[in-house]
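Next up, my_file-v2.cif (mmCIF, C-alpha atoms and all ligand atoms):
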```cif
data_my_file
#
loop_
_atom_site.label_atom_id
_atom_site.label_comp_id
_atom_site.auth_asym_id
_atom_site.auth_seq_id
_atom_site.Cartn_x
_atom_site.Cartn_y
_atom_site.Cartn_z
CA MET A 1 67.18 107.75 127.70
CA GLY A 2 70.42 107.08 129.45
CA LEU A 3 73.53 108.93 128.94
CA LEU A 4 75.60 108.68 127.04
CA PHE A 5 79.17 109.95 127.07
CA HIS A 6 81.29 111.29 129.86
CA ASP A 7 83.37 114.33 128.88
CA GLY A 8 86.23 112.36 127.50
CA PHE A 9 87.65 114.38 124.66
CA GLY A 10 90.45 116.01 126.66
CA VAL A 11 93.21 113.78 125.26
CA ALA A 12 92.22 114.35 121.62
CA ASP A 13 93.76 117.71 120.85
CA HIS A 14 96.50 118.91 118.54
CA GLN A 15 98.75 120.04 121.38
CA THR A 16 98.80 116.54 122.84
CA ALA A 17 99.41 115.11 119.37
CA GLU A 18 102.42 117.44 118.93
CA GLU A 19 103.75 116.49 122.38
CA VAL A 20 103.48 112.76 121.61
CA THR A 21 105.09 113.26 118.18
CA ALA A 22 107.99 115.20 119.74
CA LEU A 23 108.52 112.41 122.29
CA LEU A 24 108.38 109.77 119.57
CA TYR A 25 110.91 111.63 117.40
CA SER A 26 113.22 112.20 120.38
CA ARG A 27 113.29 108.40 120.73
CA HIS A 28 113.88 107.95 116.97
CA PRO A 29 116.15 110.83 115.88
CA GLU A 30 116.84 109.02 112.59
CA TRP A 31 113.19 109.52 111.51
CA ASP A 32 113.73 113.22 110.73
CA VAL A 33 116.24 112.29 108.02
CA LYS A 34 114.41 109.14 106.94
CA PHE A 35 110.89 110.59 106.59
CA GLY A 36 111.52 114.37 106.29
CA PRO A 37 109.05 117.15 107.30
CA LYS A 38 106.16 115.52 105.38
CA GLY A 39 106.70 112.31 107.35
CA ARG A 40 106.67 114.20 110.64
CA LYS A 41 103.41 115.93 109.70
CA ALA A 42 101.88 112.55 108.68
CA CYS A 43 103.03 111.10 112.00
CA ALA A 44 101.40 113.97 113.96
CA ASP A 45 98.17 113.40 111.97
CA ASP A 46 98.22 109.67 112.77
CA VAL A 47 98.84 110.44 116.44
CA TYR A 48 95.94 112.92 116.46
CA ASN A 49 93.56 110.45 114.79
CA THR A 50 94.62 107.71 117.17
CA LEU A 51 93.92 110.03 120.12
CA LEU A 52 90.47 110.73 118.64
CA TYR A 53 89.70 107.01 118.49
CA LEU A 54 91.08 106.55 122.00
CA ALA A 55 88.85 109.37 123.27
CA THR A 56 85.81 107.91 121.48
CA ALA A 57 86.48 104.44 122.86
CA THR A 58 86.89 105.69 126.42
CA ALA A 59 83.86 107.99 126.18
CA THR A 60 81.68 105.12 124.99
CA GLU A 61 83.45 102.59 127.24
CA ARG A 62 84.06 100.38 124.21
CA TYR A 63 87.63 99.11 123.94
CA ASP A 64 86.65 97.18 120.81
CA LEU A 65 86.35 100.49 118.87
CA PHE A 66 89.99 101.30 119.69
CA ARG A 67 91.17 97.79 118.88
CA GLU A 68 89.35 97.84 115.54
CA TYR A 69 90.99 101.16 114.67
CA LEU A 70 94.46 99.87 115.62
CA SER A 71 93.93 96.84 113.45
CA TRP A 72 92.84 99.07 110.54
CA LEU A 73 95.81 101.44 111.05
CA ARG A 74 98.25 98.56 111.26
CA ARG A 75 97.11 97.31 107.85
CA LEU A 76 97.26 100.81 106.36
CA LEU A 77 100.81 101.38 107.65
CA ALA A 78 101.96 97.95 106.47
CA GLN A 79 101.03 98.93 102.90
CA ILE A 80 103.49 101.82 103.08
CA ASN A 81 106.18 99.68 104.71
CA ILE A 82 105.83 101.01 108.23
CA ALA A 83 106.40 98.11 110.60
CA PRO A 84 103.90 97.27 113.38
CA ARG A 85 106.63 97.94 115.95
CA HIS A 86 106.46 101.64 115.03
CA LEU A 87 102.75 101.60 115.83
CA ALA A 88 103.66 100.07 119.18
CA ASP A 89 106.26 102.85 119.66
CA MET A 90 103.53 105.42 119.03
CA LEU A 91 101.19 103.88 121.61
CA VAL A 92 103.98 103.71 124.17
CA ALA A 93 104.86 107.38 123.56
CA MET A 94 101.19 108.26 123.97
CA ARG A 95 101.00 106.37 127.22
CA ASP A 96 104.21 107.96 128.52
CA ALA A 97 103.10 111.48 127.55
CA LEU A 98 99.72 111.08 129.26
CA ALA A 99 101.24 109.40 132.33
CA GLY A 100 103.82 112.22 132.45
CA ARG A 101 100.94 114.66 132.84
CA GLY A 102 99.93 112.81 136.00
CA MET A 103 97.06 110.83 134.47
CA ASN A 104 95.90 108.04 136.77
CA PRO A 105 97.34 104.64 135.67
CA ASP A 106 93.87 103.15 136.15
CA SER A 107 92.20 105.73 133.91
CA PRO A 108 90.36 104.29 130.90
CA GLU A 109 92.78 106.09 128.55
CA LEU A 110 95.91 104.45 130.01
CA THR A 111 94.16 101.10 130.43
CA PHE A 112 93.03 101.09 126.77
CA LEU A 113 96.53 102.09 125.65
CA ASP A 114 98.10 99.28 127.69
CA ASP A 115 95.56 96.82 126.27
CA GLY A 116 96.25 98.11 122.75
CA ILE A 117 100.01 97.71 123.20
CA SER A 118 99.66 94.14 124.40
CA ASP A 119 97.04 93.24 121.76
CA LEU A 120 99.01 94.70 118.88
CA ALA A 121 100.98 91.56 118.12
CA SER A 122 97.88 89.37 117.93
CA LEU A 123 95.63 91.85 116.07
CA GLY A 124 94.31 90.76 112.71
CA ALA A 125 94.64 93.31 109.96
CA GLU A 126 90.92 94.00 109.60
CA THR A 127 89.20 95.43 106.58
CA GLY A 128 85.86 95.31 108.37
CA SER A 129 83.88 93.86 105.47
CA LEU A 130 83.22 90.51 103.88
CA PRO A 131 85.74 89.32 101.28
CA PHE A 132 84.29 90.19 97.89
CA ALA A 133 83.96 86.56 96.83
CA GLU A 134 81.81 85.67 99.85
CA THR A 135 79.02 88.07 99.05
CA HIS A 136 75.72 86.94 97.54
CA ARG A 137 76.12 88.40 94.02
CA ALA A 138 79.92 88.51 93.90
CA ASP A 139 79.72 87.87 90.15
CA LEU A 140 77.82 91.10 89.47
CA ALA A 141 79.63 93.12 92.13
CA SER A 142 82.94 92.09 90.63
CA GLU A 143 81.73 92.95 87.11
CA LEU A 144 80.63 96.41 88.28
CA PHE A 145 83.99 96.90 89.99
CA SER A 146 85.89 95.96 86.81
CA LEU A 147 83.77 98.22 84.59
CA LEU A 148 84.29 101.21 86.86
CA HIS A 149 87.96 100.43 87.34
CA ARG A 150 88.33 100.56 83.56
CA GLY A 151 86.44 103.87 83.53
CA ASP A 152 83.51 102.44 81.54
CA ARG A 153 80.64 104.34 83.14
CA GLY A 154 78.31 103.75 80.19
CA THR A 155 78.37 99.95 80.36
CA ALA A 156 78.31 100.11 84.17
CA THR A 157 75.10 102.14 84.04
CA THR A 158 73.29 99.97 81.50
CA SER A 159 74.38 96.81 83.34
CA VAL A 160 73.04 98.07 86.67
CA LEU A 161 69.74 99.10 85.07
CA ASN A 162 69.44 95.61 83.55
CA TRP A 163 70.26 93.86 86.81
CA ALA A 164 67.65 96.00 88.60
CA GLU A 165 64.96 94.47 86.39
CA THR A 166 65.51 91.07 88.01
CA LEU A 167 67.04 91.93 91.40
CA GLY A 168 65.00 95.07 92.10
CA VAL A 169 66.53 98.23 93.58
CA GLU A 170 67.08 96.57 96.97
CA GLY A 171 68.99 93.65 95.42
CA VAL A 172 71.14 95.92 93.27
CA TYR A 173 71.90 98.27 96.16
CA LEU A 174 72.71 95.66 98.78
CA ASP A 175 74.04 92.70 96.79
CA VAL A 176 75.91 94.50 94.02
CA ILE A 177 76.69 98.15 94.81
CA GLU A 178 77.42 97.78 98.56
CA PRO A 179 79.98 94.95 98.10
CA CYS A 180 81.49 96.84 95.16
CA LEU A 181 81.99 99.90 97.38
CA GLN A 182 83.49 97.71 100.10
CA GLU A 183 85.94 96.33 97.58
CA ILE A 184 86.83 99.87 96.51
CA GLY A 185 87.51 100.65 100.18
CA ARG A 186 89.57 97.51 100.67
CA ARG A 187 91.76 98.23 97.63
CA TRP A 188 92.24 101.87 98.70
CA HIS A 189 93.23 100.65 102.16
CA ASP A 190 95.71 98.23 100.60
CA ASN A 191 97.20 101.01 98.47
CA GLN A 192 96.00 99.34 95.26
CA LEU A 193 93.66 102.20 94.30
CA ASN A 194 94.62 105.84 94.63
CA VAL A 195 92.29 108.53 95.94
CA ALA A 196 91.41 109.74 92.42
CA GLU A 197 90.40 106.22 91.31
CA GLU A 198 88.33 105.76 94.48
CA HIS A 199 86.62 109.16 94.00
CA PHE A 200 85.86 108.45 90.33
CA MET A 201 84.38 105.03 91.08
CA THR A 202 82.31 106.36 94.00
CA ALA A 203 81.00 109.34 92.03
CA SER A 204 80.08 107.02 89.13
CA ILE A 205 78.13 104.80 91.52
CA GLN A 206 76.18 107.81 92.78
CA VAL A 207 75.24 108.67 89.18
CA VAL A 208 74.10 105.09 88.56
CA MET A 209 72.02 105.14 91.74
CA ALA A 210 70.29 108.31 90.55
CA ARG A 211 69.32 106.50 87.33
CA LEU A 212 67.41 103.96 89.46
CA TYR A 213 65.16 106.65 91.00
CA PRO A 214 62.14 106.06 88.75
CA LEU A 215 61.95 102.61 90.38
CA VAL A 216 62.28 104.06 93.90
CA PHE A 217 59.19 106.27 93.89
CA GLN A 218 56.61 103.74 92.70
CA ALA A 219 55.09 102.37 95.91
CA SER A 220 51.87 103.74 97.41
CA ARG A 221 52.45 105.92 100.48
CA ILE A 222 51.82 104.69 104.04
CA GLY A 223 51.61 108.15 105.62
CA ARG A 224 54.92 108.08 107.57
CA ARG A 225 57.80 110.50 107.16
CA LEU A 226 61.51 109.85 107.47
CA VAL A 227 64.28 112.44 107.72
CA ALA A 228 67.71 110.91 107.03
CA VAL A 229 71.04 112.59 107.78
CA CYS A 230 74.71 111.86 108.41
CA ALA A 231 76.26 112.67 111.78
CA GLU A 232 78.21 115.91 111.92
CA GLY A 233 81.67 115.35 110.45
CA GLU A 234 80.58 112.23 108.60
CA LEU A 235 81.10 112.35 104.84
CA HIS A 236 80.02 108.80 104.04
CA GLU A 237 76.49 109.32 102.81
CA ILE A 238 75.76 106.55 100.32
CA GLY A 239 74.67 104.03 102.98
CA MET A 240 72.24 106.54 104.50
CA ARG A 241 70.95 107.37 101.04
CA MET A 242 70.35 103.69 100.24
CA VAL A 243 68.44 103.24 103.47
CA ALA A 244 66.31 106.34 102.76
CA ASP A 245 65.54 105.00 99.27
CA LEU A 246 64.52 101.64 100.72
CA PHE A 247 62.10 103.47 103.04
CA ASP A 248 60.68 105.22 99.98
CA ILE A 249 60.21 101.86 98.32
CA GLY A 250 58.48 100.76 101.53
CA GLY A 251 55.95 103.61 101.14
CA TRP A 252 57.48 106.24 103.45
CA ASP A 253 57.91 109.88 102.43
CA THR A 254 61.57 110.61 102.92
CA THR A 255 63.80 113.66 103.15
CA PHE A 256 67.43 112.69 102.64
CA LEU A 257 69.73 115.48 103.86
CA GLY A 258 73.10 113.73 103.46
CA ALA A 259 76.31 115.07 104.98
CA GLY A 260 77.31 118.43 106.43
CA VAL A 261 73.97 119.61 107.80
CA PRO A 262 74.19 121.40 111.19
CA ASP A 263 72.01 119.96 113.97
CA THR A 264 69.93 123.16 114.12
CA ALA A 265 69.07 122.82 110.42
CA VAL A 266 68.13 119.15 110.87
CA ILE A 267 65.74 120.08 113.66
CA ARG A 268 64.33 122.98 111.64
CA THR A 269 63.66 120.54 108.74
CA ILE A 270 61.90 118.14 111.10
CA ARG A 271 59.68 120.95 112.40
CA ASP A 272 58.95 122.38 108.95
CA ARG A 273 58.42 119.23 106.92
CA GLY A 274 57.11 116.90 109.60
CA CYS A 275 58.86 113.70 110.65
CA ASP A 276 58.00 110.47 112.43
CA LEU A 277 61.46 108.92 112.31
CA LEU A 278 64.89 110.53 112.23
CA ALA A 279 67.58 108.24 110.80
CA ILE A 280 71.22 109.12 111.56
CA SER A 281 74.26 107.46 109.99
CA ALA A 282 77.85 107.21 111.23
CA SER A 283 80.54 105.23 109.43
CA LEU A 284 83.49 106.36 111.53
CA ALA A 285 83.39 105.58 115.25
CA ILE A 286 84.77 109.05 116.03
CA ASN A 287 81.47 110.50 114.79
CA VAL A 288 79.31 108.56 117.25
CA PRO A 289 79.47 111.40 119.84
CA ALA A 290 77.99 113.69 117.16
CA VAL A 291 75.08 111.24 116.77
CA THR A 292 74.48 111.50 120.51
CA ARG A 293 74.56 115.29 120.37
CA LEU A 294 71.92 115.36 117.64
CA VAL A 295 69.69 112.91 119.51
CA SER A 296 70.02 115.03 122.69
CA ALA A 297 69.22 118.25 120.81
CA LEU A 298 66.14 116.61 119.30
CA ARG A 299 64.94 115.35 122.67
CA LEU A 300 65.22 118.85 124.13
CA ASP A 301 62.89 120.31 121.50
CA PRO A 302 59.25 120.07 122.63
CA GLN A 303 58.03 120.25 119.02
CA CYS A 304 59.95 117.07 118.24
CA SER A 305 58.88 114.99 121.23
CA HIS A 306 56.95 112.52 119.04
CA VAL A 307 59.93 111.82 116.76
CA LYS A 308 61.63 108.44 117.05
CA VAL A 309 65.28 107.94 116.22
CA MET A 310 67.05 105.08 114.49
CA VAL A 311 70.82 104.97 114.02
CA GLY A 312 73.08 102.86 111.84
CA GLY A 313 76.23 102.68 109.75
CA ARG A 314 79.60 100.94 109.97
CA ALA A 315 80.48 102.51 113.33
CA PHE A 316 77.53 100.83 115.04
CA ASN A 317 78.23 97.52 113.34
CA GLN A 318 81.66 97.42 114.98
CA SER A 319 80.42 97.26 118.55
CA PRO A 320 77.23 95.48 119.62
CA ASP A 321 74.88 97.69 121.61
CA LEU A 322 76.89 100.85 120.98
CA TRP A 323 73.72 102.36 119.54
CA ARG A 324 72.10 102.25 123.00
CA ARG A 325 74.63 104.83 124.23
CA THR A 326 73.25 107.40 121.81
CA GLY A 327 69.74 107.61 123.25
CA ALA A 328 68.24 106.32 119.97
CA ASP A 329 65.12 104.14 119.88
CA GLY A 330 66.55 101.58 117.50
CA TRP A 331 69.40 100.40 115.32
CA ALA A 332 69.71 98.23 112.24
CA GLY A 333 72.88 96.73 110.82
CA GLY A 334 72.06 96.96 107.13
CA GLY A 335 69.60 98.11 104.53
CA ARG A 336 67.47 94.95 104.68
CA GLU A 337 66.83 95.20 108.41
CA ALA A 338 66.46 99.01 108.48
CA LEU A 339 62.93 99.26 107.05
CA ARG A 340 61.71 96.35 109.18
CA THR A 341 63.16 97.96 112.32
CA GLY A 342 61.76 101.38 111.40
CA ASN A 343 58.26 99.98 110.92
CA ARG A 344 58.47 98.00 114.17
CA LEU A 345 59.17 101.20 116.11
CA PHE A 346 55.64 102.30 115.28
CA GLU A 347 53.89 99.14 116.38
CA ALA A 348 51.57 99.72 119.34
CA THR A 349 53.87 98.26 122.02
CA ALA A 350 57.15 99.42 120.59
CA GLU A 351 60.23 98.97 122.80
CA PRO A 352 63.72 99.98 121.71
CA VAL A 353 64.56 97.66 118.83
CA SER A 354 67.52 96.35 116.93
C1 LIG B 401 83.17 106.00 99.27
C2 LIG B 401 84.00 106.13 100.52
C3 LIG B 401 84.41 107.40 100.91
C4 LIG B 401 83.91 108.67 100.22
C5 LIG B 401 82.44 108.91 100.65
C6 LIG B 401 81.66 109.66 99.56
C7 LIG B 401 80.21 109.77 99.86
N1 LIG B 401 79.61 110.79 99.26
O1 LIG B 401 79.58 109.01 100.59
C8 LIG B 401 84.93 109.74 100.74
C9 LIG B 401 86.02 109.92 99.72
C10 LIG B 401 84.35 111.10 101.12
C11 LIG B 401 85.54 109.02 101.95
C12 LIG B 401 86.30 109.66 102.90
C13 LIG B 401 86.94 109.02 103.95
N2 LIG B 401 87.00 107.69 104.16
CO1 LIG B 401 85.92 106.40 103.22
N3 LIG B 401 85.13 105.00 102.30
C14 LIG B 401 84.34 104.97 101.27
C15 LIG B 401 83.98 103.50 100.94
C16 LIG B 401 84.89 103.04 99.79
C17 LIG B 401 82.54 103.22 100.59
C18 LIG B 401 81.51 103.74 101.61
C19 LIG B 401 80.14 103.24 101.21
O2 LIG B 401 79.39 103.95 100.60
N4 LIG B 401 79.86 101.95 101.51
C20 LIG B 401 78.64 101.28 101.05
C21 LIG B 401 77.46 101.58 101.99
C22 LIG B 401 76.18 101.07 101.39
O3 LIG B 401 77.73 100.88 103.20
P1 LIG B 401 77.44 101.50 104.65
O4 LIG B 401 77.78 102.93 104.66
O5 LIG B 401 78.05 100.61 105.64
O6 LIG B 401 75.83 101.43 104.76
C23 LIG B 401 75.11 100.22 105.02
C24 LIG B 401 74.94 99.90 106.52
O7 LIG B 401 76.01 100.35 107.32
C25 LIG B 401 73.62 100.52 106.89
N5 LIG B 401 73.52 101.92 107.26
C26 LIG B 401 74.28 102.98 106.90
N6 LIG B 401 73.79 104.12 107.44
C27 LIG B 401 72.69 103.78 108.14
C28 LIG B 401 71.80 104.56 108.90
C29 LIG B 401 70.74 103.93 109.53
C30 LIG B 401 69.79 104.77 110.35
C31 LIG B 401 70.57 102.53 109.44
C32 LIG B 401 69.44 101.88 110.15
C33 LIG B 401 71.46 101.74 108.69
C34 LIG B 401 72.51 102.38 108.04
O8 LIG B 401 72.85 100.31 105.72
C35 LIG B 401 73.68 100.49 104.55
C36 LIG B 401 73.19 99.51 103.49
O9 LIG B 401 73.33 98.16 103.92
C37 LIG B 401 84.31 102.80 102.30
C38 LIG B 401 84.58 101.31 102.22
C39 LIG B 401 83.49 100.49 102.93
N7 LIG B 401 83.83 99.31 103.40
O10 LIG B 401 82.37 100.88 103.08
C40 LIG B 401 85.48 103.68 102.81
C41 LIG B 401 85.75 103.74 104.31
C42 LIG B 401 84.45 103.78 105.09
N8 LIG B 401 86.46 105.03 104.42
C43 LIG B 401 87.41 105.02 105.26
C44 LIG B 401 88.24 106.13 105.59
C45 LIG B 401 89.43 105.86 106.49
C46 LIG B 401 87.97 107.41 105.09
C47 LIG B 401 88.75 108.69 105.42
C48 LIG B 401 89.18 108.86 106.88
C49 LIG B 401 89.95 108.72 104.47
C50 LIG B 401 90.85 109.93 104.65
N9 LIG B 401 92.05 109.68 105.10
O11 LIG B 401 90.47 111.04 104.40
C51 LIG B 401 87.74 109.79 104.97
C52 LIG B 401 86.82 110.22 106.14
C53 LIG B 401 85.76 111.19 105.71
C54 LIG B 401 84.78 111.52 106.81
N10 LIG B 401 85.10 112.49 107.65
O12 LIG B 401 83.74 110.91 106.90
C55 LIG B 401 87.59 103.65 105.91
C56 LIG B 401 87.05 103.67 107.35
C57 LIG B 401 87.92 102.83 108.27
C58 LIG B 401 87.58 103.04 109.71
N11 LIG B 401 88.60 103.20 110.50
O13 LIG B 401 86.46 103.04 110.11
C59 LIG B 401 86.80 102.72 104.90
C60 LIG B 401 86.14 101.49 105.55
C61 LIG B 401 87.80 102.27 103.81
C62 LIG B 401 88.80 101.23 104.31
N12 LIG B 401 88.56 99.94 104.07
O14 LIG B 401 89.77 101.58 104.91
N13 LIG B 401 85.27 107.69 101.93
#
```

Mind converting the file's structure to structure tokens?
Amino acid sequence: MGLLFHDGFGVADHQTAEEVTALLYSRHPEWDVKFGPKGRKACADDVYNTLLYLATATATERYDLFREYLSWLRRLLAQINIAPRHLADMLVAMRDALAGRGMNPDSPELTFLDDGISDLASLGAETGSLPFAETHRADLASELFSLLHRGDRGTATTSVLNWAETLGVEGVYLDVIEPCLQEIGRRWHDNQLNVAEEHFMTASIQVVMARLYPLVFQASRIGRRLVAVCAEGELHEIGMRMVADLFDIGGWDTTFLGAGVPDTAVIRTIRDRGCDLLAISASLAINVPAVTRLVSALRLDPQCSHVKVMVGGRAFNQSPDLWRRTGADGWAGGGREALRTGNRLFEATAEPVS
């Protein structure tokens, strides 16, 4: 197991965010009147989040994570009429504040900021997922989206149960529900869905998934155990849950813990319930260090020395080979590959796999 992250979280703190915000506002005194106190608070939050992504990118030595975030932020700001040049102003203020503290111009932080500033003009405005229409069952995914958007949970549920009869749980999860959730995310990002609409649609999808459970627990057991959890700080749990269900369908006994479980409790569960494979999910790149911490804690526990680890989620799909920095034994990009990869880890000559 190699390591992993250098201690690079020094720049991501609220004091630095306040300092950068103050510098930015001193350069744009009109913003206080234009955006008011709420705007200043939102600006400090954006600066803080950007510092977190910068710290994650430098700690993992992956500039692409920072670039992806900038591209995402640029699109978000554009929807609320904040011009890309203001994002550039923020990055310049960040660079000046850090350089003013005597940070080495060749440091990864200043280098990534300089690269970000020069890339900004050419960045695409990424959504990070396939356009709805290009997915395999766009017809059904779009129907599910429309039903939920209208608030028709009843028809959405019966439709999904019907589709599962022909597509199976895997097909419904990966070809209908996953693209539908991506579309929900895209429309939220583009300010076309508000948070309440997004929450309602997501919660409805979780209810529909629960109705599919009788189909999940049918396969005969193969005698392997999976514990599945989200990285600390990570609230996106549906992807991890889908993967755990697909392992169940593949004959594994699974314990899905979801979000918000402290590392010590994860390790206690592994000891108490038994586990061959620990699966950890991270959707946001800033939670990748938490994945590494959990893997390290597991490796330090002699009672868990036999346990293999597989990681996945959007964060790992953004940067090839990022998973290797976590000390995991394997990674899979999506639900279809996850079970195959998990099983391969237990073949006699298993090497790290992706
Ligand atoms: C629903 C949702 C939420 C819900 C989650 C509820 C829940 N109980 O899960 C809530 C409201 C909590 C939420 C919050 C936030 N969200 Co959100 N959310 C989404 C949304 C719409 C769907 C997520 C989802 O379930 N996708 C479907 C699943 C099936 O896909 P998946 O997770 O990628 O999983 C697949 C693979 O990655 C893989 N996989 C996943 N885990 C694992 C693990 C292993 C071991 C393996 C092998 C494979 C694997 O297999 C799965 C099946 O193929 C996405 C949009 C999107 N494109 O996904 C945004 C999205 C992820 N959210 C986003 C954001 C920004 C946020 C917030 C920061 C918003 C805010 N300002 O508060 C917070 C952050 C919360 C946090 N700390 O985690 C952004 C992230 C952008 C970025 N920079 O990365 C997205 C992409 C929306 C967007 N287009 O802008 N969100």

Give me the residues near stretch 154-157 of chain A as a PyMOL selection string, where near means some atom within 8 Å (using only C-alpha atoms) and where sequence neighbours in that chain fewer than 3 positions away do not count. chain A and resi 144+147-148+160-161+208+211

Selection export as a short mmCIF file (atom, residue, chain, number, x, y, z; two decimals), in the frame of the given file, atoms kept: C-alpha atoms:
```
data_model
loop_
_atom_site.label_atom_id
_atom_site.label_comp_id
_atom_site.auth_asym_id
_atom_site.auth_seq_id
_atom_site.Cartn_x
_atom_site.Cartn_y
_atom_site.Cartn_z
CA LEU A 144 80.63 96.41 88.28
CA LEU A 147 83.77 98.22 84.59
CA LEU A 148 84.29 101.21 86.86
CA VAL A 160 73.04 98.07 86.67
CA LEU A 161 69.74 99.10 85.07
CA VAL A 208 74.10 105.09 88.56
CA ARG A 211 69.32 106.50 87.33
#
```

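Atom pair atom CA of A:Tyr69 / atom C49 of ligand LIG 401 (chain B) has a distance of 12.7 Å (rounded to one decimal).
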
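For the residues A:Leu181, A:Ala297, A:Leu167, A:Ala259, ranking by smallest atom-to-atom distance to ligand LIG 401 (chain B) using all atoms listed in the file places A:Leu181 first.
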
With 10 Å as the cut-off and only C-alpha atoms counted, what is the closest atom pair between each nearby residue of stretch 77-176 of chain A and stretch 189-192 of chain A? Distances in Å to one decimal, ordered by chain and number, as JSON lines.
```
{"residue": "A:Leu77", "atom": "CA", "partner": "A:Asp190", "partner_atom": "CA", "distance": 9.3}
{"residue": "A:Ala78", "atom": "CA", "partner": "A:Asp190", "partner_atom": "CA", "distance": 8.6}
{"residue": "A:Gln79", "atom": "CA", "partner": "A:Asp190", "partner_atom": "CA", "distance": 5.8}
{"residue": "A:Ile80", "atom": "CA", "partner": "A:Asn191", "partner_atom": "CA", "distance": 7.8}
{"residue": "A:Thr127", "atom": "CA", "partner": "A:His189", "partner_atom": "CA", "distance": 7.9}
```

Nearest to ligand LIG 401 (chain B), chosen from A:Ala244, A:Val227, A:Ala121, A:Leu235, with only C-alpha atoms and all ligand atoms counted in the distances: A:Leu235

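Across A:Thr21, A:Thr60, A:Ser107, A:Gln182, the tightest approach to ligand LIG 401 (chain B) is made by A:Gln182 when counting only C-alpha atoms and all ligand atoms.
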